[in-house]
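**Q** Pasting model-v3.txt below, which is compact mmCIF, C-alpha atoms.
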```txt
# COMPACT_ATOMS: atom_id res chain seq x y z
CA MET A 1 4.78 -23.70 -5.55
CA SER A 2 5.13 -20.00 -4.90
CA ASP A 3 2.07 -17.79 -4.74
CA PHE A 4 1.14 -15.78 -7.83
CA GLY A 5 0.88 -12.09 -6.99
CA VAL A 6 -0.91 -9.14 -8.56
CA TYR A 7 0.24 -5.58 -7.94
CA VAL A 8 -1.98 -2.59 -8.78
CA HIS A 9 -0.33 0.82 -9.02
CA VAL A 10 -2.41 3.84 -8.08
CA PRO A 11 -0.37 6.94 -9.05
CA PHE A 12 -2.48 9.64 -7.38
CA CYS A 13 -1.44 11.58 -4.27
CA ALA A 14 -2.86 14.58 -2.43
CA HIS A 15 0.69 15.74 -1.74
CA ARG A 16 4.10 14.49 -2.80
CA CYS A 17 6.39 13.75 0.16
CA ASP A 18 9.86 15.31 0.10
CA TYR A 19 11.63 11.94 -0.22
CA CYS A 20 9.35 10.35 -2.83
CA ALA A 21 10.79 9.34 -6.22
CA PHE A 22 7.98 6.97 -7.21
CA ALA A 23 5.80 7.39 -10.29
CA THR A 24 3.18 9.41 -8.43
CA TYR A 25 1.35 12.64 -9.18
CA SER A 26 -0.50 15.24 -7.12
CA ASP A 27 -1.97 17.07 -10.13
CA ARG A 28 -3.80 14.33 -12.09
CA ASP A 29 -6.92 13.62 -10.02
CA GLU A 30 -9.13 14.46 -13.00
CA LEU A 31 -7.84 11.23 -14.61
CA MET A 32 -9.11 8.94 -11.87
CA ASP A 33 -12.25 7.61 -13.58
CA ARG A 34 -10.49 6.97 -16.88
CA TYR A 35 -7.53 5.45 -15.07
CA VAL A 36 -9.73 2.96 -13.23
CA ASP A 37 -11.44 2.06 -16.52
CA ALA A 38 -8.01 1.47 -18.07
CA VAL A 39 -6.77 -0.73 -15.21
CA VAL A 40 -9.97 -2.80 -15.34
CA LYS A 41 -9.52 -3.21 -19.10
CA GLU A 42 -5.88 -4.24 -18.69
CA ALA A 43 -6.87 -6.82 -16.06
CA GLN A 44 -9.61 -8.21 -18.29
CA LEU A 45 -7.15 -8.55 -21.17
CA ALA A 46 -4.72 -10.40 -18.91
CA VAL A 47 -7.43 -12.79 -17.74
CA THR A 48 -8.44 -13.50 -21.33
CA ALA A 49 -4.78 -14.23 -22.11
CA GLY A 50 -4.65 -16.86 -19.36
CA MET A 51 -3.38 -15.04 -16.29
CA PRO A 52 -3.40 -17.33 -13.22
CA VAL A 53 -5.76 -16.77 -10.33
CA ALA A 54 -4.17 -14.37 -7.84
CA ASP A 55 -3.04 -15.70 -4.46
CA THR A 56 -2.07 -12.20 -3.33
CA VAL A 57 -3.17 -8.74 -4.47
CA PHE A 58 -1.46 -5.53 -3.38
CA PHE A 59 -2.68 -1.99 -4.07
CA GLY A 60 0.28 0.39 -3.85
CA GLY A 61 1.29 3.77 -5.13
CA GLY A 62 1.03 6.60 -4.87
CA THR A 63 -1.94 6.54 -2.58
CA PRO A 64 -4.54 3.84 -3.28
CA SER A 65 -6.82 5.41 -0.67
CA ARG A 66 -6.86 8.55 -2.84
CA LEU A 67 -9.34 6.68 -5.03
CA PRO A 68 -12.95 6.57 -3.87
CA ALA A 69 -13.45 3.18 -2.23
CA GLU A 70 -15.93 2.05 -4.90
CA GLN A 71 -13.38 2.74 -7.65
CA LEU A 72 -10.69 0.67 -5.95
CA ILE A 73 -13.23 -2.12 -5.46
CA ARG A 74 -14.05 -2.02 -9.20
CA ILE A 75 -10.42 -2.88 -9.90
CA LEU A 76 -10.35 -5.60 -7.26
CA ASP A 77 -13.49 -7.19 -8.70
CA ALA A 78 -11.78 -7.45 -12.11
CA ILE A 79 -9.00 -9.68 -10.68
CA PRO A 80 -9.76 -13.41 -10.30
CA ARG A 81 -8.68 -14.44 -6.81
CA ALA A 82 -8.01 -17.67 -4.95
CA GLU A 83 -10.34 -18.59 -2.11
CA ASP A 84 -7.68 -17.84 0.53
CA VAL A 85 -6.33 -14.74 -1.22
CA GLU A 86 -4.46 -12.06 0.68
CA VAL A 87 -5.53 -8.56 -0.45
CA THR A 88 -3.60 -5.56 0.88
CA VAL A 89 -4.35 -1.87 0.43
CA GLU A 90 -1.90 0.90 1.27
CA CYS A 91 -3.69 3.78 2.97
CA ASN A 92 -2.65 7.20 4.21
CA PRO A 93 -3.42 7.55 7.93
CA GLU A 94 -5.55 10.62 7.22
CA ASP A 95 -7.74 8.55 4.85
CA ALA A 96 -8.46 5.80 7.37
CA SER A 97 -12.15 6.41 7.98
CA LEU A 98 -14.27 3.62 9.39
CA GLU A 99 -16.59 3.87 6.38
CA ARG A 100 -13.71 3.38 3.93
CA LEU A 101 -12.16 0.46 5.79
CA ARG A 102 -15.50 -1.30 6.19
CA ALA A 103 -16.10 -0.96 2.45
CA TYR A 104 -12.69 -2.49 1.78
CA LYS A 105 -13.34 -5.34 4.20
CA GLU A 106 -16.73 -6.18 2.71
CA ALA A 107 -15.19 -6.22 -0.78
CA GLY A 108 -12.56 -8.80 0.16
CA VAL A 109 -9.58 -6.76 1.40
CA THR A 110 -7.84 -8.74 4.15
CA ARG A 111 -4.91 -6.57 5.14
CA MET A 112 -4.19 -2.84 5.52
CA SER A 113 -0.87 -1.00 5.33
CA PHE A 114 -0.33 2.51 6.73
CA GLY A 115 2.61 4.83 6.13
CA VAL A 116 2.94 6.38 9.59
CA GLN A 117 6.74 6.92 9.29
CA SER A 118 7.04 8.52 12.77
CA THR A 119 4.92 9.82 15.62
CA GLN A 120 7.20 12.81 16.28
CA SER A 121 6.09 16.18 14.92
CA ALA A 122 9.54 17.49 13.92
CA VAL A 123 10.30 14.28 12.03
CA LEU A 124 6.97 14.28 10.19
CA ALA A 125 7.53 17.92 9.19
CA ASP A 126 11.02 17.15 7.89
CA LEU A 127 9.68 14.25 5.81
CA GLY A 128 6.90 16.40 4.38
CA ARG A 129 4.20 14.20 5.90
CA ARG A 130 0.84 15.81 6.65
CA HIS A 131 -0.85 13.50 9.16
CA GLY A 132 -0.76 14.42 12.83
CA ILE A 133 1.27 12.85 15.61
CA ASN A 134 -1.72 10.91 16.94
CA ALA A 135 -2.64 9.29 13.63
CA HIS A 136 -1.34 5.90 14.80
CA GLN A 137 -3.94 5.87 17.59
CA GLU A 138 -6.85 6.54 15.27
CA VAL A 139 -5.61 4.03 12.70
CA SER A 140 -5.27 1.33 15.36
CA ARG A 141 -8.80 1.95 16.61
CA VAL A 142 -10.44 2.06 13.19
CA VAL A 143 -8.63 -1.04 11.90
CA ALA A 144 -9.91 -3.04 14.86
CA GLU A 145 -13.45 -1.67 14.55
CA ALA A 146 -13.52 -2.49 10.83
CA GLY A 147 -12.57 -6.09 11.62
CA PHE A 148 -9.05 -6.42 10.21
CA SER A 149 -7.03 -9.01 12.09
CA THR A 150 -3.73 -8.32 10.33
CA TRP A 151 -2.17 -5.06 9.20
CA ASN A 152 1.08 -3.16 9.22
CA MET A 153 2.64 0.22 9.79
CA ASP A 154 5.64 1.60 7.91
CA LEU A 155 8.40 3.61 9.61
CA ILE A 156 11.21 5.65 8.07
CA VAL A 157 14.45 6.34 9.95
CA GLY A 158 17.26 8.67 8.98
CA SER A 159 15.70 12.12 9.03
CA ARG A 160 18.12 14.82 10.19
CA ALA A 161 15.34 15.95 12.52
CA GLU A 162 15.21 12.57 14.26
CA SER A 163 17.18 11.51 17.32
CA LEU A 164 17.48 8.05 18.84
CA ASP A 165 15.08 9.21 21.53
CA ASP A 166 12.58 10.08 18.78
CA VAL A 167 12.90 6.55 17.40
CA ARG A 168 12.39 5.08 20.89
CA ALA A 169 9.34 7.28 21.41
CA THR A 170 7.81 6.27 18.07
CA LEU A 171 8.31 2.58 18.81
CA ALA A 172 6.82 3.00 22.27
CA ASP A 173 3.83 4.82 20.79
CA LEU A 174 3.15 1.91 18.42
CA LEU A 175 3.85 -0.95 20.79
CA ASP A 176 1.83 0.55 23.66
CA LEU A 177 -1.35 0.73 21.58
CA ASP A 178 -4.28 -1.43 22.68
CA ASN A 179 -4.16 -2.85 19.15
CA PRO A 180 -0.49 -2.62 18.06
CA PRO A 181 0.36 -3.38 14.43
CA PRO A 182 1.37 -7.06 14.14
CA HIS A 183 3.69 -6.26 11.21
CA ILE A 184 6.08 -3.29 11.15
CA SER A 185 8.29 -2.22 8.27
CA CYS A 186 11.25 0.12 8.70
CA TYR A 187 13.01 1.79 5.79
CA ALA A 188 16.17 3.87 5.74
CA LEU A 189 15.58 7.35 4.32
CA THR A 190 17.25 7.72 0.92
CA PRO A 191 17.96 11.09 -0.77
CA GLU A 192 16.76 10.23 -4.27
CA PRO A 193 17.85 12.53 -7.13
CA GLY A 194 15.24 15.06 -8.18
CA THR A 195 13.37 15.04 -4.87
CA PRO A 196 13.36 18.02 -2.46
CA LEU A 197 15.29 15.85 0.00
CA GLY A 198 17.82 14.80 -2.63
CA GLN A 199 18.40 18.38 -3.77
CA ASP A 200 19.26 19.62 -0.28
CA PRO A 201 22.59 18.16 0.96
CA LEU A 202 22.03 19.64 4.42
CA ARG A 203 19.04 17.32 4.83
CA HIS A 204 20.78 14.14 3.65
CA PRO A 205 20.77 11.40 6.29
CA ASP A 206 23.90 10.64 8.28
CA GLU A 207 24.74 6.99 7.57
CA ASP A 208 25.93 6.23 11.09
CA ASP A 209 22.88 7.82 12.71
CA THR A 210 20.59 5.94 10.31
CA ALA A 211 22.33 2.65 11.12
CA ASN A 212 21.98 3.28 14.85
CA SER A 213 18.28 4.04 14.45
CA TYR A 214 17.73 0.95 12.32
CA ASP A 215 19.57 -1.25 14.82
CA LEU A 216 17.43 0.14 17.63
CA VAL A 217 14.24 -0.67 15.72
CA GLY A 218 15.34 -4.28 15.27
CA GLU A 219 16.38 -4.69 18.89
CA VAL A 220 13.13 -3.27 20.26
CA LEU A 221 10.82 -5.15 17.90
CA GLU A 222 12.56 -8.49 18.41
CA ALA A 223 12.43 -7.97 22.19
CA HIS A 224 8.66 -7.57 21.81
CA GLY A 225 8.14 -10.84 19.93
CA TYR A 226 8.41 -9.63 16.33
CA LEU A 227 10.40 -11.92 14.07
CA TRP A 228 12.82 -10.46 11.55
CA GLU A 229 11.66 -11.47 8.05
CA GLU A 230 13.68 -9.35 5.65
CA ILE A 231 15.95 -6.33 5.83
CA SER A 232 13.05 -3.93 6.29
CA ASN A 233 10.34 -6.15 7.79
CA TRP A 234 9.41 -7.61 11.16
CA ALA A 235 6.20 -9.52 11.93
CA GLN A 236 4.55 -11.38 14.75
CA PRO A 237 4.11 -15.08 13.87
CA GLY A 238 1.24 -15.56 11.43
CA HIS A 239 1.20 -11.93 10.29
CA GLU A 240 3.80 -12.06 7.54
CA SER A 241 2.89 -10.45 4.20
CA ARG A 242 2.43 -13.22 1.64
CA HIS A 243 2.69 -10.67 -1.15
CA ASN A 244 6.16 -9.63 -0.01
CA HIS A 245 7.25 -13.25 -0.13
CA VAL A 246 6.25 -13.50 -3.80
CA TYR A 247 8.96 -10.94 -4.53
CA TRP A 248 11.50 -12.36 -2.08
CA ASN A 249 11.04 -15.87 -3.52
CA HIS A 250 11.64 -14.53 -7.07
CA GLY A 251 8.11 -15.67 -7.89
CA ASN A 252 5.76 -14.66 -10.68
CA TYR A 253 3.61 -11.57 -10.42
CA ARG A 254 1.61 -9.31 -12.69
CA GLY A 255 1.50 -5.54 -12.36
CA PHE A 256 -1.44 -3.41 -13.51
CA GLY A 257 -1.40 0.35 -13.92
CA SER A 258 1.11 2.92 -15.07
CA ALA A 259 4.74 2.12 -14.19
CA ALA A 260 3.75 -1.31 -12.80
CA HIS A 261 6.28 -4.13 -13.19
CA SER A 262 5.65 -7.82 -13.89
CA HIS A 263 7.75 -10.99 -13.77
CA GLU A 264 6.94 -14.28 -15.47
CA ASP A 265 9.54 -17.08 -15.44
CA GLY A 266 12.50 -14.87 -16.22
CA ARG A 267 10.70 -12.30 -18.37
CA ARG A 268 10.49 -8.92 -16.66
CA TYR A 269 8.36 -6.20 -18.22
CA TRP A 270 6.77 -2.92 -17.21
CA SER A 271 4.07 -0.46 -18.23
CA VAL A 272 4.60 3.07 -19.52
CA ARG A 273 5.34 5.46 -16.67
CA THR A 274 2.76 8.26 -16.88
CA PRO A 275 -0.96 7.71 -16.25
CA ASP A 276 -1.82 9.94 -19.22
CA ARG A 277 0.00 7.73 -21.70
CA TYR A 278 -1.14 4.54 -19.98
CA ILE A 279 -4.80 5.58 -20.31
CA ALA A 280 -4.40 6.69 -23.92
CA MET A 281 -2.84 3.40 -25.00
CA LEU A 282 -5.54 1.24 -23.45
CA GLU A 283 -8.29 3.49 -24.79
CA ASN A 284 -6.73 2.89 -28.23
CA ASP A 285 -6.72 -0.88 -27.61
CA GLU A 286 -2.94 -0.97 -27.23
CA LEU A 287 -1.09 -2.85 -24.50
CA PRO A 288 0.73 -0.27 -22.32
CA LEU A 289 4.10 -2.02 -22.58
CA GLY A 290 6.93 0.31 -21.69
CA GLY A 291 9.79 -2.19 -21.95
CA GLU A 292 10.95 -5.70 -21.15
CA GLU A 293 14.01 -7.84 -20.55
CA ILE A 294 14.65 -11.57 -20.65
CA LEU A 295 16.79 -12.85 -17.80
CA ASP A 296 19.18 -15.69 -18.59
CA GLU A 297 19.50 -18.53 -16.11
CA SER A 298 22.65 -17.16 -14.46
CA THR A 299 20.97 -13.80 -13.85
CA GLN A 300 17.89 -15.49 -12.44
CA GLN A 301 20.05 -17.55 -10.10
CA PHE A 302 21.84 -14.46 -8.86
CA GLU A 303 18.53 -12.70 -8.23
CA ARG A 304 17.16 -15.72 -6.36
CA ASP A 305 20.26 -15.86 -4.17
CA ALA A 306 20.41 -12.10 -3.61
CA LEU A 307 16.75 -11.87 -2.64
CA ALA A 308 16.98 -14.90 -0.33
CA LEU A 309 20.04 -13.45 1.38
CA ARG A 310 18.00 -10.39 2.36
CA THR A 311 15.61 -12.65 4.31
CA SER A 312 15.79 -14.65 7.51
CA ARG A 313 16.01 -17.94 5.58
CA GLY A 314 19.27 -16.91 3.91
CA VAL A 315 21.01 -19.07 1.31
CA ALA A 316 22.80 -22.41 1.32
CA ILE A 317 26.49 -22.14 2.19
CA GLU A 318 27.22 -23.59 -1.26
CA ALA A 319 26.08 -20.27 -2.77
CA PHE A 320 29.53 -18.89 -1.88
CA ASP A 321 32.99 -19.94 -2.98
CA SER A 322 34.41 -18.62 0.28
CA LEU A 323 33.15 -16.86 3.38
CA ASP A 324 36.58 -15.80 4.64
CA GLU A 325 36.25 -12.07 3.96
CA ILE A 326 32.65 -11.73 5.11
CA ARG A 327 32.32 -14.21 7.97
CA HIS A 328 32.05 -11.34 10.47
CA LEU A 329 28.85 -10.21 8.71
CA LEU A 330 27.12 -13.60 8.85
CA THR A 331 25.60 -16.25 11.03
CA LEU A 332 25.52 -19.91 10.00
CA ASP A 333 22.45 -21.96 10.76
CA ASP A 334 22.21 -25.60 9.68
CA GLY A 335 24.22 -25.06 6.51
CA ARG A 336 22.56 -21.76 5.60
CA VAL A 337 24.12 -18.31 5.54
CA VAL A 338 22.09 -15.52 7.16
CA LEU A 339 22.98 -11.86 7.59
CA SER A 340 23.86 -10.87 11.14
CA PRO A 341 21.81 -7.96 12.56
CA LYS A 342 24.70 -5.52 12.10
CA ALA A 343 25.10 -6.57 8.45
CA ARG A 344 21.54 -5.97 7.29
CA LEU A 345 22.17 -2.40 6.09
CA VAL A 346 25.38 -3.44 4.30
CA ALA A 347 23.90 -6.52 2.64
CA ASN A 348 25.40 -5.59 -0.72
CA GLN A 349 28.87 -6.27 0.65
CA VAL A 350 27.79 -9.89 1.04
CA ILE A 351 25.64 -10.14 -2.09
CA VAL A 352 28.52 -9.21 -4.42
CA ARG A 353 30.42 -12.24 -3.11
CA LEU A 354 27.76 -14.74 -4.11
CA LYS A 355 29.02 -17.41 -6.47
CA SER A 356 26.24 -16.42 -8.86
CA ALA A 357 27.19 -12.71 -8.84
CA PRO A 358 27.82 -11.35 -12.37
```
Mind turning the file's structure into structure tokens?
**A**
Amino acid sequence: MSDFGVYVHVPFCAHRCDYCAFATYSDRDELMDRYVDAVVKEAQLAVTAGMPVADTVFFGGGTPSRLPAEQLIRILDAIPRAEDVEVTVECNPEDASLERLRAYKEAGVTRMSFGVQSTQSAVLADLGRRHGINAHQEVSRVVAEAGFSTWNMDLIVGSRAESLDDVRATLADLLDLDNPPPHISCYALTPEPGTPLGQDPLRHPDEDDTANSYDLVGEVLEAHGYLWEEISNWAQPGHESRHNHVYWNHGNYRGFGSAAHSHEDGRRYWSVRTPDRYIAMLENDELPLGGEEILDESTQQFERDALALRTSRGVAIEAFDSLDEIRHLLTLDDGRVVLSPKARLVANQVIVRLKSAP
């Protein structure tokens, strides 16, 4: 049985990063109290309707740490949780005070996630990030002092301001910490339409440079004992994110908050996008449903195969009619097909050849 996950979307940010296309807002802080009330109400309605106990809970955004700690804890307390639940909170490095993290820990949070992105000043400036180049050191110290045994840092590669030496320096900065993050995620910078990055072609990442940076991250992390889990994730044994695996296993999960998505046995649905409308609907005793789709069995099978192929477990060789055109992108392990390291950023070239592909 796969874990049942709960995702809570917190749409508030102090500042919108240049690459961000998520449903987040830097001008709606006055809605925080009403938003928390609405999320608590939505969770209570879901529990009344028979929602399973959560095995994993993930607060994402936006910036969950933008909420006062007691407000985030109010939401957490409204979610029934299994005894061995994993609870993760995304936190900006500049919000990582000892007081905040201790409050999270005492309330049942088990895992922290920090968007460090880089430790190099020119790269942070190009990404529109506001924390300083030594934020990783403070985060590492405070996480340990607050008593968290597992946590992760996110990196982004692909900035035009970033060289391979910058990537090496960032990795060295993280791995040389007294308390290095046991889970590291690395994402390729994407120029999304409508973002400052997307609107400036001169800042768009170079695909070859991005691939070289990504390959370097994988080589360095795996040489330091991190195991590759999924295209963007590496973890030391025992520090994998259970919540991530809910998604990768095509499991069931419930999303609370504006723009949050849910999946239940082939039914995918999502909430209205803006926090204003989300709050208004729940205050009027309406469910904040923004849309839904029912996935037929063939679509579900394709999604299961495509998600599995992104991970280190891969898919059974029977998921393909033929491997002739893509064998150079794959490794075979006991009858399972796994992406080779050089193929991870071109996974779609393999996914479209799945037998279940539409």
**Q** For region 8-19 of chain A, find every residue with an atom within 6 Å (counting only C-alpha atoms), except residues of its own chain fewer than 2 positions away, and show them as a list in words.
**A**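 Surrounding residues, per the criterion: Thr24, Tyr25, Ser26, Phe59, Gly60, Gly61, Gly62, Thr63, Pro64, Leu127, Gly128, Thr195, Pro196, Leu197, Gly255, Phe256, Gly257 and Ala260 of chain A.
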**Q** So how many Å separate CA of Ala82 (chain A) and CA of Asp265 (chain A), to one decimal?
**A**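 If I compute the distance from CA of Ala82 (chain A) to CA of Asp265 (chain A), I get 20.5 Å.
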**Q** Nearest to Thr170 (chain A) among A:Val142, A:Leu289, A:Ala107, A:Leu221, with distances taken over only C-alpha atoms: which residue is it?
**A**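 Closest to Thr170 (chain A), using only C-alpha atoms: A:Leu221.
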**Q** Please write as a short mmCIF file (atom, residue, chain, number, x, y, z; two decimals) with C-alpha atoms, in the frame of the given file the list of polymer residues whose atoms come within 10 Å of (9.5, 14.0, 11.6), counting all atoms listed in the file and keeping to the coordinates of the file.
**A**
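Once everything was written out, this is point00.cif:
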```cif
data_model
loop_
_atom_site.label_atom_id
_atom_site.label_comp_id
_atom_site.auth_asym_id
_atom_site.auth_seq_id
_atom_site.Cartn_x
_atom_site.Cartn_y
_atom_site.Cartn_z
CA GLN A 117 6.74 6.92 9.29
CA SER A 118 7.04 8.52 12.77
CA THR A 119 4.92 9.82 15.62
CA GLN A 120 7.20 12.81 16.28
CA SER A 121 6.09 16.18 14.92
CA ALA A 122 9.54 17.49 13.92
CA VAL A 123 10.30 14.28 12.03
CA LEU A 124 6.97 14.28 10.19
CA ALA A 125 7.53 17.92 9.19
CA ASP A 126 11.02 17.15 7.89
CA LEU A 127 9.68 14.25 5.81
CA GLY A 128 6.90 16.40 4.38
CA ARG A 129 4.20 14.20 5.90
CA ILE A 133 1.27 12.85 15.61
CA ILE A 156 11.21 5.65 8.07
CA VAL A 157 14.45 6.34 9.95
CA GLY A 158 17.26 8.67 8.98
CA SER A 159 15.70 12.12 9.03
CA ARG A 160 18.12 14.82 10.19
CA ALA A 161 15.34 15.95 12.52
CA GLU A 162 15.21 12.57 14.26
CA SER A 163 17.18 11.51 17.32
CA ASP A 166 12.58 10.08 18.78
#
```
**Q** Closest to Trp234 (chain A) among A:Ser113, A:Thr48, A:Asn152, A:Ser2, using only C-alpha atoms?
**A** A:Asn152
**Q** So what do you get for CA of Gly5 (chain A) versus CA of Ala54 (chain A), distance-wise?
**A** 5.6 Å
**Q** Give me the residues near Pro341 (chain A) as a list in words, where near means some atom within 12 Å (using only C-alpha atoms) and where sequence neighbours in that chain fewer than 5 positions away do not count.
**A**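 Within the cut-off, the hits are Ala211, Asn212, Tyr214, Asp215, Leu216, Val217, Gly218, Glu219, Glu222, Trp228, Glu229, Glu230, Ile231, Ser232, Arg310, Thr311, Ser312, His328, Leu329, Leu330, Thr331, Val346 and Ala347 of chain A.
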**Q** Using all atoms listed in the file, find the one residue out of A:Leu227, A:Lys41, A:Ser241, A:Tyr35 that sits nearest to Val89 (chain A).
**A**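 Checking each of A:Leu227, A:Lys41, A:Ser241, A:Tyr35 against Val89 (chain A), counting all atoms listed in the file, the winner is A:Ser241.
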**Q** Have a look at CA of Gln301 (chain A) and CA of Arg353 (chain A) and let me know their distance in Å, one decimal.
**A**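 Rounded to one decimal, the two atoms are 13.6 Å apart.
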**Q** Mind checking which residues fall within 10 Å of Ala280 (chain A), counting only C-alpha atoms, ignoring those fewer than 5 positions away in the same chain, and posting them as an MDAnalysis selection string?
**A** chainID A and resid 34:35 38 275 285:286 288
**Q** Nearest to Glu94 (chain A): which of A:Val109, A:Val220, A:Ala135, A:Ile73 is it, counting only C-alpha atoms?
**A**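 Closest candidate: A:Ala135.
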**Q** Using all atoms listed in the file, find all polymer residues with an atom at most 12 Å away from the point (27.6, -6.6, -0.8); report them as a PyMOL selection string.
**A** chain A and resi 306+309-310+325-326+329-330+339+343-354+357
**Q** What are the centre and edge lengths in Å, to one decimal, of the axis-aligned box around all listed atoms of region 47-57 of chain A with 8 Å added on each side, as AutoDock Vina command-line options?
**A**
```
--center_x -5.3 --center_y -13.0 --center_z -12.7 --size_x 22.4 --size_y 24.6 --size_z 34.8
```
**Q** From the list A:Val116, A:Leu332, A:Leu202, A:Leu164, which residue is nearest Pro181 (chain A) when using only C-alpha atoms?
**A**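 So, comparing all the options, the nearest one is A:Val116.
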**Q** For Lys105 (chain A), please output as a PyMOL selection string all residues within 9 Å (counting only C-alpha atoms; exclusion window: fewer than 4 positions along the same chain).
**A** chain A and resi 100-101+109-111+146-148
